[in-house]
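Read the structure below first, then the notes.
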Amino acid sequence: MKYYFIACCLFASLLGAGCTAETEFSDTRAAGQLSVILQPAGLQGTAATTDDKRMNDVKAFRFDDGQLQETYGPLVPGDDGRCYLNLADNRGTLYFLANASQVTALEVLVPGATTLDDFLALSASTSDMTEHGLLMSGREELGSQSASELTVAMTRSVARIDLESTDQGVEVLQVSIDGLADEGYLNQQATATHPQDAATTRFDKQYNTPLSNARETIFYICEQQGTDIQAEVLVRFRNALHKLKATLPTTIRRNTVYTIHVYGRGGDVMMNISNGDWEQGDTSGSETQIKARVNVEASALPANVKVNSTCDSVFIPYTENNFNLILDAEPGATVTVDGRITGVSVQATASRNLEPVARLAVSNVHRLPGTIREYIYADVYKEQIHKGRIVLAFLPSPIQLEGSIILDEDGICDFGRYIEGELGRLTLPAGKIATVETDNGQTPWIKLAEDAGSYRILGGWKPNDPEADGRMQEARLVITDSDGSNREAYPIRRRNWGLPVVNIDGTWWCKYNLRGNVKSFSDQISITDDLAAGTGVLERLTTCSDDELLILMGGQYQGGNPDELPLSHNGTAFYHEGMKGSAQNWGQIPATQMAPDGYQLPTYDDYAFFVWGTNCNIGGVGTRTHQNSQGQTITVNIVEREARFLDQSYGTIAFYDFEYEGNHWTLYGLGHQWNTTAGNIAQMSIIMAITGNTSSSWYMEGYAQASRPGQNWFKFIAQNSTKTRMIRCIKSPVEYIYN
């Protein structure tokens with residue numbers, strides 16, 4: 001075991017036995033002085049903070065024959081990591097307390113009068129034991145012979161509570177812990193306990209910025225036993241709030257880290273609590289002095305189940321297992337099992353003999369990628385006194401799966417919606433390979449892209465997929481050994497949705513305006529309902545009935561409101577129902593907010609492709625050709641139609657069909673309403689919703705051929721946020737396109 005030493009340099013100038021002297025640090029050792037190294041216990045790993053290890057001041061006490069003989073300090077830590085004491089006598093026991101300056105009970109200790117029992121019974125509140133560093137205690141026996149150096153292990157008198165939330169999308173908003181004893185003993189007792197008259201308290205914390213993908217220490221707690229400590233955590237996961245509850249162990253031991261783990265699995269979140277030594281909060285937490293052991297010879301252990309050298313910790317791999325553990329302990333001891341893990345069963349059966357004390361039947365299902373290391377404890381008691389602990393450490397899968405892919409307890413990730421892009425990252429141990437498979441030879445909707453020793457898991461998109469109607473789409477992530485053995489298969493599912501699109505110079509434009517709720521695929525004109533797949537949208541718009549035309553025209557929207565403002569008529573005039581006097585600025589709305597998943601609002605450049613400037617007259621009814629600002633040839637065909645909606649004459653409307661390299665894209669819309677007054681609709685003036693500009697938008701200022709022949713102006717001009725807009729989406733860029 002590797003240790004990192006923190007020591008104090010102490011110099012005590014004693015006036016005589018039974019006296020306390022204020023001391024100053026001396027960096028040189030005087031003849032006859034005792035050299036002492038004070039070492040915080042459990043210094044292994046990196047989880048401890050500087051505050052956890054700091055010693056601000058130290059007091060020492062020598063007891064002999066059950067009575068206090070000498071006191072030393074307060075002693076100031078030095079820089080060389082070594083402490084020096086002048087001992088009047090080399091007999092008895094030295095007790096050390098660090099960071100105990102707030103404990104007023106120490107001020108009344110009297111050499112020659114204070115007994116060891118009185119000293120060991122000293123207690124303090126949690127704040128007194130943590131306000132100026134964590135209170136630590138240690139002791140070392142002195143011999144009758146002269147000793148030149150001692151190493152003293154200093155044990156923290158409090159436990160630490162950590163909160164961990166590292167799964168993507170899991171946000172902790174609030175944590176509260178109730179039933180805490182607020183007073184503990186300074187020195188370690190024969191058994192972990194607390195003063196019976198200690199007051200109880202409660203810990204509460206609300207996060208202004210949610211705790212996500214992080215671990216932090218939230219507070220310290222006195223050692224205690226028999227308290228009912230309830231932890232409650234409020235979590236936001238997948239846009240839903242969850243209130244999780246768990247109970248801390250009935251015995252809280254000093255110098256121990258208790259970690260509240262919050263994690264997401266599938267569509268749910270879970271919480272458990274583990275404990276370990278101070279610097280390794282994720283270690284097993286078995287006792288230093290073992291009075292319970294695994295009888296390896298008598299146990300029936302699979303080859304991949306390992307037991308440590310002290311036979312107090314058992315490490316169970318992630319693969320499916322079923323075996324028995326035989327425990328040895330003192331005659332007359334009993335064993336209890338503490339802890340619960342999904343898919344794990346540990347059942348204790350008492351032995352009829354004095355030894356072994358119990359048989360543990362252990363079984364676990366195959367543990368999934370993304371699980372964490374978890375523990376179950378077998379605690380051994382004799383006459384209600386805790387004697388030892390056997391730790392069963394259930395190891396996580398070595399397959400690392402990060403990102404938004406979260407497997408449920410059945411090993412399935414079901415997003416329940418349309419999703420694409422980089423879904424996660426897969427890292428495999430040596431000797432493993434990964435592939436993707438589907439049923440019936442279909443092209444999988446996910447693929448693996450190798451990247452720096454890992455795989456990026458990409459969700460793809462298929463243009464104009466006739467099966468993109470909301471049906472469940474599945475692909476299996478398959479992991480095997482290189483020879484194909486030890487197969488693991490994890491289904492990944494989404495809802496397959498899509499909109500009819502056409503490719504114009506590399507941009508996939510939706511063919512129809514949005515209608516209904518902008519996030520709802522089922523409200524839109526689907527790929528299977530695209531009757532213009534062969535003939536083109538322009539022909540369908542000019543030949544369909546007025547009732548169908550109103551459906552095809554799409555809706556009008558105000559910024560920030562995802563619901564269409566349906567066209568209505570009050571008996572006198574047309575208006576868009578639900579229009580407000582103010583709305584959110586379109587230019588400040590994220591591109592994907594007002595569009596279905598996988599689609600987004602166009603930008604200035606997307607519309608600019610069709611014209612040569614920001615104020616272009618593209619002409620009147622008929623067909624003509626022009627060049628855009630990049631010199632590319634665009635053909636536009638303008639067709640007018642008289643429309644009758646809701647049994648009322650709507651007037652002349654126009655359709656603008658742009659053709660580039662044989663592909664057609666048709667611009668059309670219901671015009672726009674400029675304020676909340678019924679009738680204030682410009683039915684031939686279409687404002688197109690765009691993103692990325694704070695005040696201006698593209699605008700088709702249309703005129704009927706009968707009133708202003710040859711004039712339809714494609715402009716980019718300032719528009720206020722109150723005016724309604726037509727939404728024509730484009731496909732968001734996607735890395736993986738499949739056929």
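Every chain in the structure tokens takes a letter, A first, then B, and so on in the order presented; its residues are numbered from 1, and the ligands are numbered from 1 following the presented order.
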
TODO: Within 10 Å of Gln225 of chain A, counting only C-alpha atoms, which residues show up once you throw out same-chain ones fewer than 2 positions away? Write them as a list in words, please.
DONE: Ala181, Thr191, Ala192, Thr193, His194, Pro195, Gln196, Cys222, Glu223, Thr227, Asp228, Pro249, Thr250, Thr251, Ile252 and Arg253 of chain A

Please dump the current selection as a CSV table (one decimal), in the first residue's frame; keep N, CA and C atoms.
chain,number,residue,atom,x,y,z
A,181,ALA,N,-27.6,12.4,14.3
A,181,ALA,CA,-27.2,12.8,15.6
A,181,ALA,C,-26.1,13.9,15.5
A,191,THR,N,-17.1,0.2,20.3
A,191,THR,CA,-18.1,0.0,19.2
A,191,THR,C,-18.5,1.4,18.7
A,192,ALA,N,-18.9,1.5,17.4
A,192,ALA,CA,-19.3,2.8,16.9
A,192,ALA,C,-20.6,3.2,17.5
A,193,THR,N,-20.7,4.3,18.2
A,193,THR,CA,-21.9,4.8,18.8
A,193,THR,C,-21.8,6.3,19.0
A,194,HIS,N,-22.8,6.9,19.7
A,194,HIS,CA,-22.8,8.3,19.9
A,194,HIS,C,-23.5,8.5,21.3
A,195,PRO,N,-23.3,9.7,21.9
A,195,PRO,CA,-24.0,9.9,23.2
A,195,PRO,C,-25.5,9.8,23.1
A,196,GLN,N,-26.1,9.1,24.0
A,196,GLN,CA,-27.5,8.9,23.9
A,196,GLN,C,-28.4,10.1,24.0
A,222,CYS,N,-21.2,13.0,12.5
A,222,CYS,CA,-20.6,12.3,13.7
A,222,CYS,C,-20.8,10.8,13.6
A,223,GLU,N,-19.9,10.0,14.1
A,223,GLU,CA,-20.1,8.6,14.2
A,223,GLU,C,-21.3,8.3,15.1
A,227,THR,N,-29.4,5.2,14.6
A,227,THR,CA,-30.2,6.3,14.1
A,227,THR,C,-30.9,5.9,12.8
A,228,ASP,N,-32.0,6.4,12.6
A,228,ASP,CA,-32.8,6.2,11.3
A,228,ASP,C,-32.5,7.4,10.4
A,249,PRO,N,-26.8,3.4,6.4
A,249,PRO,CA,-26.6,2.3,7.3
A,249,PRO,C,-26.9,2.7,8.7
A,250,THR,N,-27.4,1.7,9.5
A,250,THR,CA,-27.7,2.1,10.9
A,250,THR,C,-26.5,2.4,11.7
A,251,THR,N,-25.4,1.9,11.3
A,251,THR,CA,-24.1,2.3,12.0
A,251,THR,C,-23.3,3.2,11.0
A,252,ILE,N,-23.0,4.4,11.5
A,252,ILE,CA,-22.2,5.3,10.7
A,252,ILE,C,-20.8,5.3,11.4
A,253,ARG,N,-19.8,4.9,10.7
A,253,ARG,CA,-18.4,4.8,11.3
A,253,ARG,C,-17.6,6.0,11.0

Let's see if you can do this: from backbone DSSP, list all helix (DSSP H, G or I) residues in segment 580-717 of chain A, as a CSV table (one decimal) with N, CA and C atoms, in the first residue's frame.
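Saved to selection33.csv:
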chain,number,residue,atom,x,y,z
A,586,TRP,N,-37.8,35.8,-33.4
A,586,TRP,CA,-37.4,34.6,-34.0
A,586,TRP,C,-35.9,34.4,-34.1
A,587,GLY,N,-35.2,35.5,-34.3
A,587,GLY,CA,-33.8,35.4,-34.4
A,587,GLY,C,-33.1,34.9,-33.1
A,588,GLN,N,-33.7,35.0,-32.0
A,588,GLN,CA,-33.2,34.6,-30.7
A,588,GLN,C,-33.6,33.2,-30.3
A,604,TYR,N,-30.3,32.6,-43.0
A,604,TYR,CA,-30.3,33.6,-44.1
A,604,TYR,C,-29.8,33.0,-45.4
A,605,ASP,N,-28.6,32.3,-45.3
A,605,ASP,CA,-28.0,31.7,-46.5
A,605,ASP,C,-28.8,30.7,-47.2
A,606,ASP,N,-29.6,29.9,-46.4
A,606,ASP,CA,-30.4,28.9,-47.0
A,606,ASP,C,-31.4,29.4,-48.0
A,607,TYR,N,-32.1,30.5,-47.6
A,607,TYR,CA,-33.0,31.2,-48.6
A,607,TYR,C,-32.3,32.0,-49.6
A,608,ALA,N,-31.2,32.6,-49.2
A,608,ALA,CA,-30.4,33.4,-50.2
A,608,ALA,C,-30.0,32.6,-51.4

Task: All residues 12 Å or closer to Arg215 of chain A, only C-alpha atoms, same chain fewer than 3 positions away omitted, as a list in words - done: Ala47, Ile161, Asp162, Leu163, Glu164, Ser165, Thr166, Asp167, Glu171, Val172, Pro210, Leu211, Ser212, Ile218, Thr259, Ile260, His261, Val262, Tyr263, Gly281 and Asp282 of chain A

Open item on the list: Please list as an MDAnalysis selection string every residue within 7 Å of segment 124-137 of chain A, counting only C-alpha atoms and excluding residues in the same chain fewer than 6 positions away.
Closed with: chainID A and resid 51:52 54:56 96:100 102:103 154:157 182:187 221:222

- [ ] May I ask which of the residues A:Val502, A:Ala159, A:Leu120, A:Leu150 is the closest one to Trp665 of chain A, counting only C-alpha atoms?
- [x] A:Val502

Task: Counting only C-alpha atoms, the residue of A:Gly388, A:Gly264, A:Gly598, A:Gly619 that sits nearest Phe237 of chain A - done: A:Gly264

Task: Two-atom distance - atom CA of Asn321 of chain A, atom CA of Val346 of chain A (Å) - done: 11.6 Å

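The neighbours of segment 296-311 of chain A here are the residues that come within 9 Å of it, using only C-alpha atoms and leaving out any residue fewer than 3 positions away in the same chain; they are A:Ile290, A:Ala292, A:Arg293, A:Val314, A:Phe315, A:Ile316, A:Pro317, A:Asn321, A:Asn322, A:Phe323, A:Asn324, A:Leu325, A:Ile326, A:Leu327, A:Arg359, A:Ile390.
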
For the residues in the current selection, export all heavy atoms as a short mmCIF file (atom, residue, chain, number, x, y, z; two decimals), in the first residue's frame.
data_model
loop_
_atom_site.label_atom_id
_atom_site.label_comp_id
_atom_site.auth_asym_id
_atom_site.auth_seq_id
_atom_site.Cartn_x
_atom_site.Cartn_y
_atom_site.Cartn_z
N ILE A 290 -9.81 -7.89 10.99
CA ILE A 290 -10.82 -8.81 10.50
C ILE A 290 -11.15 -9.85 11.56
O ILE A 290 -10.26 -10.55 12.07
CB ILE A 290 -10.33 -9.51 9.21
CG1 ILE A 290 -9.95 -8.45 8.17
CG2 ILE A 290 -11.41 -10.44 8.69
CD1 ILE A 290 -11.06 -7.52 7.81
N ALA A 292 -13.96 -11.74 10.77
CA ALA A 292 -14.80 -12.60 9.95
C ALA A 292 -14.04 -12.82 8.65
O ALA A 292 -13.40 -11.91 8.14
CB ALA A 292 -16.15 -11.95 9.67
N ARG A 293 -14.10 -14.04 8.15
CA ARG A 293 -13.30 -14.38 6.97
C ARG A 293 -14.10 -15.30 6.06
O ARG A 293 -14.99 -16.04 6.50
CB ARG A 293 -12.00 -15.09 7.38
CG ARG A 293 -11.05 -14.28 8.23
CD ARG A 293 -9.92 -15.14 8.77
NE ARG A 293 -9.17 -15.79 7.71
CZ ARG A 293 -8.13 -15.23 7.09
NH1 ARG A 293 -7.74 -14.02 7.44
NH2 ARG A 293 -7.49 -15.87 6.14
N VAL A 314 -14.77 -10.03 -1.47
CA VAL A 314 -14.97 -10.94 -2.59
C VAL A 314 -15.34 -10.09 -3.81
O VAL A 314 -16.23 -9.24 -3.71
CB VAL A 314 -16.09 -11.97 -2.30
CG1 VAL A 314 -16.23 -12.95 -3.45
CG2 VAL A 314 -15.80 -12.69 -0.99
N PHE A 315 -14.67 -10.33 -4.92
CA PHE A 315 -14.87 -9.52 -6.12
C PHE A 315 -15.52 -10.39 -7.19
O PHE A 315 -14.94 -11.36 -7.67
CB PHE A 315 -13.54 -8.95 -6.60
CG PHE A 315 -12.88 -8.07 -5.56
CD1 PHE A 315 -11.98 -8.61 -4.65
CD2 PHE A 315 -13.19 -6.73 -5.49
CE1 PHE A 315 -11.39 -7.81 -3.68
CE2 PHE A 315 -12.60 -5.92 -4.52
CZ PHE A 315 -11.70 -6.45 -3.62
N ILE A 316 -16.76 -10.04 -7.53
CA ILE A 316 -17.58 -10.84 -8.43
C ILE A 316 -17.61 -10.16 -9.79
O ILE A 316 -17.99 -8.98 -9.89
CB ILE A 316 -19.01 -11.02 -7.88
CG1 ILE A 316 -18.96 -11.74 -6.52
CG2 ILE A 316 -19.88 -11.78 -8.85
CD1 ILE A 316 -19.12 -10.85 -5.34
N PRO A 317 -17.21 -10.83 -10.86
CA PRO A 317 -17.19 -10.21 -12.19
C PRO A 317 -18.60 -9.92 -12.70
O PRO A 317 -19.59 -10.37 -12.13
CB PRO A 317 -16.47 -11.25 -13.05
CG PRO A 317 -16.74 -12.55 -12.37
CD PRO A 317 -16.77 -12.23 -10.90
N ASN A 321 -23.29 -15.26 -12.50
CA ASN A 321 -22.64 -16.15 -11.54
C ASN A 321 -23.67 -16.74 -10.59
O ASN A 321 -24.72 -16.15 -10.34
CB ASN A 321 -21.58 -15.40 -10.73
CG ASN A 321 -20.35 -15.07 -11.55
OD1 ASN A 321 -19.52 -15.92 -11.82
ND2 ASN A 321 -20.25 -13.81 -11.97
N ASN A 322 -23.31 -17.91 -10.02
CA ASN A 322 -24.15 -18.57 -9.03
C ASN A 322 -23.22 -19.46 -8.20
O ASN A 322 -22.70 -20.45 -8.68
CB ASN A 322 -25.23 -19.41 -9.72
CG ASN A 322 -26.29 -19.87 -8.74
OD1 ASN A 322 -26.05 -19.93 -7.54
ND2 ASN A 322 -27.46 -20.21 -9.25
N PHE A 323 -22.99 -19.08 -6.93
CA PHE A 323 -22.03 -19.82 -6.12
C PHE A 323 -22.36 -19.64 -4.64
O PHE A 323 -23.23 -18.85 -4.26
CB PHE A 323 -20.60 -19.35 -6.40
CG PHE A 323 -20.37 -17.90 -6.11
CD1 PHE A 323 -19.89 -17.48 -4.87
CD2 PHE A 323 -20.60 -16.93 -7.08
CE1 PHE A 323 -19.67 -16.14 -4.60
CE2 PHE A 323 -20.39 -15.59 -6.82
CZ PHE A 323 -19.92 -15.19 -5.58
N ASN A 324 -21.63 -20.40 -3.79
CA ASN A 324 -21.80 -20.33 -2.34
C ASN A 324 -20.52 -19.83 -1.69
O ASN A 324 -19.41 -20.17 -2.11
CB ASN A 324 -22.14 -21.71 -1.77
CG ASN A 324 -23.53 -22.16 -2.20
OD1 ASN A 324 -24.47 -21.38 -2.17
ND2 ASN A 324 -23.64 -23.42 -2.60
N LEU A 325 -20.70 -19.03 -0.64
CA LEU A 325 -19.59 -18.56 0.18
C LEU A 325 -19.76 -19.12 1.59
O LEU A 325 -20.85 -19.05 2.15
CB LEU A 325 -19.57 -17.03 0.26
CG LEU A 325 -18.94 -16.23 -0.87
CD1 LEU A 325 -19.08 -14.74 -0.56
CD2 LEU A 325 -17.48 -16.58 -1.06
N ILE A 326 -18.69 -19.65 2.14
CA ILE A 326 -18.70 -20.10 3.52
C ILE A 326 -17.93 -19.09 4.35
O ILE A 326 -16.78 -18.74 4.03
CB ILE A 326 -18.06 -21.50 3.65
CG1 ILE A 326 -18.77 -22.49 2.73
CG2 ILE A 326 -18.12 -21.97 5.09
CD1 ILE A 326 -20.25 -22.64 3.00
N LEU A 327 -18.53 -18.61 5.43
CA LEU A 327 -17.92 -17.61 6.29
C LEU A 327 -17.51 -18.24 7.61
O LEU A 327 -18.28 -18.97 8.23
CB LEU A 327 -18.89 -16.45 6.56
CG LEU A 327 -19.53 -15.76 5.35
CD1 LEU A 327 -20.35 -14.55 5.82
CD2 LEU A 327 -18.49 -15.36 4.34
N ARG A 359 -23.56 -19.70 5.57
CA ARG A 359 -23.38 -19.94 4.15
C ARG A 359 -24.13 -18.84 3.40
O ARG A 359 -25.29 -18.56 3.69
CB ARG A 359 -23.93 -21.30 3.77
CG ARG A 359 -23.83 -21.63 2.27
CD ARG A 359 -24.61 -22.90 1.95
NE ARG A 359 -24.16 -24.03 2.76
CZ ARG A 359 -23.16 -24.83 2.41
NH1 ARG A 359 -22.51 -24.64 1.27
NH2 ARG A 359 -22.81 -25.83 3.20
N ILE A 390 -17.77 -8.83 5.79
CA ILE A 390 -17.38 -9.40 4.50
C ILE A 390 -18.04 -8.53 3.43
O ILE A 390 -19.25 -8.28 3.47
CB ILE A 390 -17.84 -10.86 4.35
CG1 ILE A 390 -17.28 -11.71 5.50
CG2 ILE A 390 -17.40 -11.41 3.01
CD1 ILE A 390 -15.78 -11.79 5.55
#

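Take atom CA of Thr676 of chain A and atom CA of Met579 of chain A: the distance between them is 6.1 Å.
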
Which residues are near Gln627 of chain A? Cut-off 9 Å, only C-alpha atoms, ignore same chain within fewer than 4 positions. Put them as a CSV table (one decimal) with all heavy atoms, in the first residue's frame.
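Written out: part-v3.csv:
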chain,number,residue,atom,x,y,z
A,610,PHE,N,-31.7,31.1,-53.5
A,610,PHE,CA,-32.7,31.1,-54.6
A,610,PHE,C,-32.7,32.4,-55.4
A,610,PHE,O,-33.3,32.5,-56.4
A,610,PHE,CB,-34.1,30.8,-54.0
A,610,PHE,CG,-34.2,29.4,-53.5
A,610,PHE,CD1,-34.2,29.2,-52.1
A,610,PHE,CD2,-34.3,28.3,-54.3
A,610,PHE,CE1,-34.3,28.0,-51.5
A,610,PHE,CE2,-34.4,27.0,-53.7
A,610,PHE,CZ,-34.4,26.9,-52.4
A,611,VAL,N,-32.0,33.5,-54.8
A,611,VAL,CA,-32.0,34.8,-55.5
A,611,VAL,C,-30.6,35.4,-55.6
A,611,VAL,O,-29.7,34.7,-55.1
A,611,VAL,CB,-33.0,35.7,-54.7
A,611,VAL,CG1,-34.4,35.4,-55.0
A,611,VAL,CG2,-32.7,35.7,-53.2
A,612,TRP,N,-30.5,36.5,-56.1
A,612,TRP,CA,-29.2,37.2,-56.4
A,612,TRP,C,-28.9,38.3,-55.4
A,612,TRP,O,-27.9,39.0,-55.5
A,612,TRP,CB,-29.1,37.6,-57.8
A,612,TRP,CG,-30.2,38.6,-58.2
A,612,TRP,CD1,-30.1,40.0,-58.2
A,612,TRP,CD2,-31.5,38.3,-58.7
A,612,TRP,NE1,-31.3,40.5,-58.6
A,612,TRP,CE2,-32.1,39.5,-58.9
A,612,TRP,CE3,-32.2,37.1,-59.0
A,612,TRP,CZ2,-33.4,39.6,-59.4
A,612,TRP,CZ3,-33.5,37.2,-59.4
A,612,TRP,CH2,-34.1,38.5,-59.6
A,631,GLY,N,-23.7,32.6,-59.0
A,631,GLY,CA,-23.6,32.3,-60.4
A,631,GLY,C,-24.3,31.0,-60.8
A,631,GLY,O,-24.1,30.6,-62.0
A,632,GLN,N,-25.1,30.4,-59.9
A,632,GLN,CA,-25.8,29.2,-60.3
A,632,GLN,C,-27.1,29.5,-60.9
A,632,GLN,O,-27.8,30.5,-60.5
A,632,GLN,CB,-26.0,28.3,-59.0
A,632,GLN,CG,-24.7,27.9,-58.4
A,632,GLN,CD,-24.8,27.5,-56.9
A,632,GLN,OE1,-25.2,28.3,-56.1
A,632,GLN,NE2,-24.5,26.3,-56.6
A,633,THR,N,-27.5,28.7,-61.9
A,633,THR,CA,-28.7,29.0,-62.7
A,633,THR,C,-29.9,28.4,-62.0
A,633,THR,O,-30.0,27.2,-61.7
A,633,THR,CB,-28.6,28.4,-64.1
A,633,THR,OG1,-27.5,29.0,-64.7
A,633,THR,CG2,-29.9,28.7,-64.9
A,634,ILE,N,-30.9,29.3,-61.7
A,634,ILE,CA,-32.2,28.9,-61.1
A,634,ILE,C,-33.3,29.3,-62.0
A,634,ILE,O,-33.4,30.3,-62.6
A,634,ILE,CB,-32.4,29.8,-59.8
A,634,ILE,CG1,-31.1,29.7,-58.9
A,634,ILE,CG2,-33.6,29.3,-59.1
A,634,ILE,CD1,-30.9,28.3,-58.3
A,635,THR,N,-34.2,28.3,-62.2
A,635,THR,CA,-35.4,28.5,-62.9
A,635,THR,C,-36.6,28.6,-62.0
A,635,THR,O,-36.8,27.8,-61.1
A,635,THR,CB,-35.7,27.4,-63.9
A,635,THR,OG1,-34.6,27.3,-64.9
A,635,THR,CG2,-37.0,27.6,-64.7

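When atom CA of Val365 of chain A is paired with atom CA of Asn486 of chain A, their separation reads 14.5 Å.
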
Task: Residue nearest Asn720 of chain A among A:Thr507, A:Ser732, A:Ser695, A:Thr677 (counting only C-alpha atoms) - done: A:Ser695

Do a neighbour search on segment 433-448 of chain A at 7 Å with only C-alpha atoms, toss out local chain neighbours closer than 5 positions, and write the hits as a compact mmCIF listing (two decimals) with N, CA, C and O atoms, in the first residue's frame.
# COMPACT_ATOMS: atom_id res chain seq x y z
N TYR A 455 -15.43 3.48 -30.22
CA TYR A 455 -16.40 3.58 -31.29
C TYR A 455 -17.36 4.72 -30.98
O TYR A 455 -17.91 4.80 -29.88
N ARG A 456 -17.57 5.59 -31.94
CA ARG A 456 -18.67 6.55 -31.86
C ARG A 456 -19.91 5.86 -32.40
O ARG A 456 -19.90 5.27 -33.47
N ILE A 457 -21.00 5.91 -31.64
CA ILE A 457 -22.26 5.28 -32.05
C ILE A 457 -23.12 6.36 -32.69
O ILE A 457 -23.54 7.32 -32.03
N LEU A 458 -23.35 6.23 -33.99
CA LEU A 458 -24.04 7.26 -34.76
C LEU A 458 -25.44 6.81 -35.14
O LEU A 458 -25.64 5.70 -35.66
N GLY A 459 -26.41 7.66 -34.87
CA GLY A 459 -27.76 7.44 -35.35
C GLY A 459 -27.95 8.11 -36.70
O GLY A 459 -27.55 9.27 -36.89
N GLY A 460 -28.53 7.39 -37.65
CA GLY A 460 -28.60 7.89 -39.01
C GLY A 460 -29.99 8.31 -39.44
O GLY A 460 -30.96 8.25 -38.69
N GLU A 474 -35.41 -0.77 -34.68
CA GLU A 474 -34.46 -1.40 -33.76
C GLU A 474 -33.19 -1.82 -34.50
O GLU A 474 -33.23 -2.30 -35.63
N ALA A 475 -32.07 -1.63 -33.83
CA ALA A 475 -30.80 -2.22 -34.24
C ALA A 475 -30.13 -2.75 -32.99
O ALA A 475 -30.33 -2.20 -31.89
N ARG A 476 -29.36 -3.81 -33.12
CA ARG A 476 -28.73 -4.42 -31.96
C ARG A 476 -27.24 -4.14 -31.96
O ARG A 476 -26.56 -4.37 -32.97
N LEU A 477 -26.77 -3.66 -30.83
CA LEU A 477 -25.34 -3.50 -30.61
C LEU A 477 -24.82 -4.82 -30.08
O LEU A 477 -25.20 -5.25 -28.98
N VAL A 478 -23.98 -5.49 -30.85
CA VAL A 478 -23.52 -6.85 -30.53
C VAL A 478 -22.04 -6.79 -30.17
O VAL A 478 -21.22 -6.27 -30.94
N ILE A 479 -21.69 -7.35 -29.02
CA ILE A 479 -20.32 -7.37 -28.54
C ILE A 479 -19.93 -8.82 -28.28
O ILE A 479 -20.66 -9.56 -27.60
N THR A 480 -18.81 -9.23 -28.84
CA THR A 480 -18.34 -10.60 -28.68
C THR A 480 -16.83 -10.60 -28.48
O THR A 480 -16.16 -9.58 -28.66
N ASP A 481 -16.31 -11.78 -28.11
CA ASP A 481 -14.88 -11.98 -28.21
C ASP A 481 -14.51 -12.01 -29.69
O ASP A 481 -15.37 -12.15 -30.57
N SER A 482 -13.23 -11.89 -29.97
CA SER A 482 -12.80 -11.82 -31.38
C SER A 482 -13.16 -13.06 -32.17
O SER A 482 -13.31 -12.99 -33.40
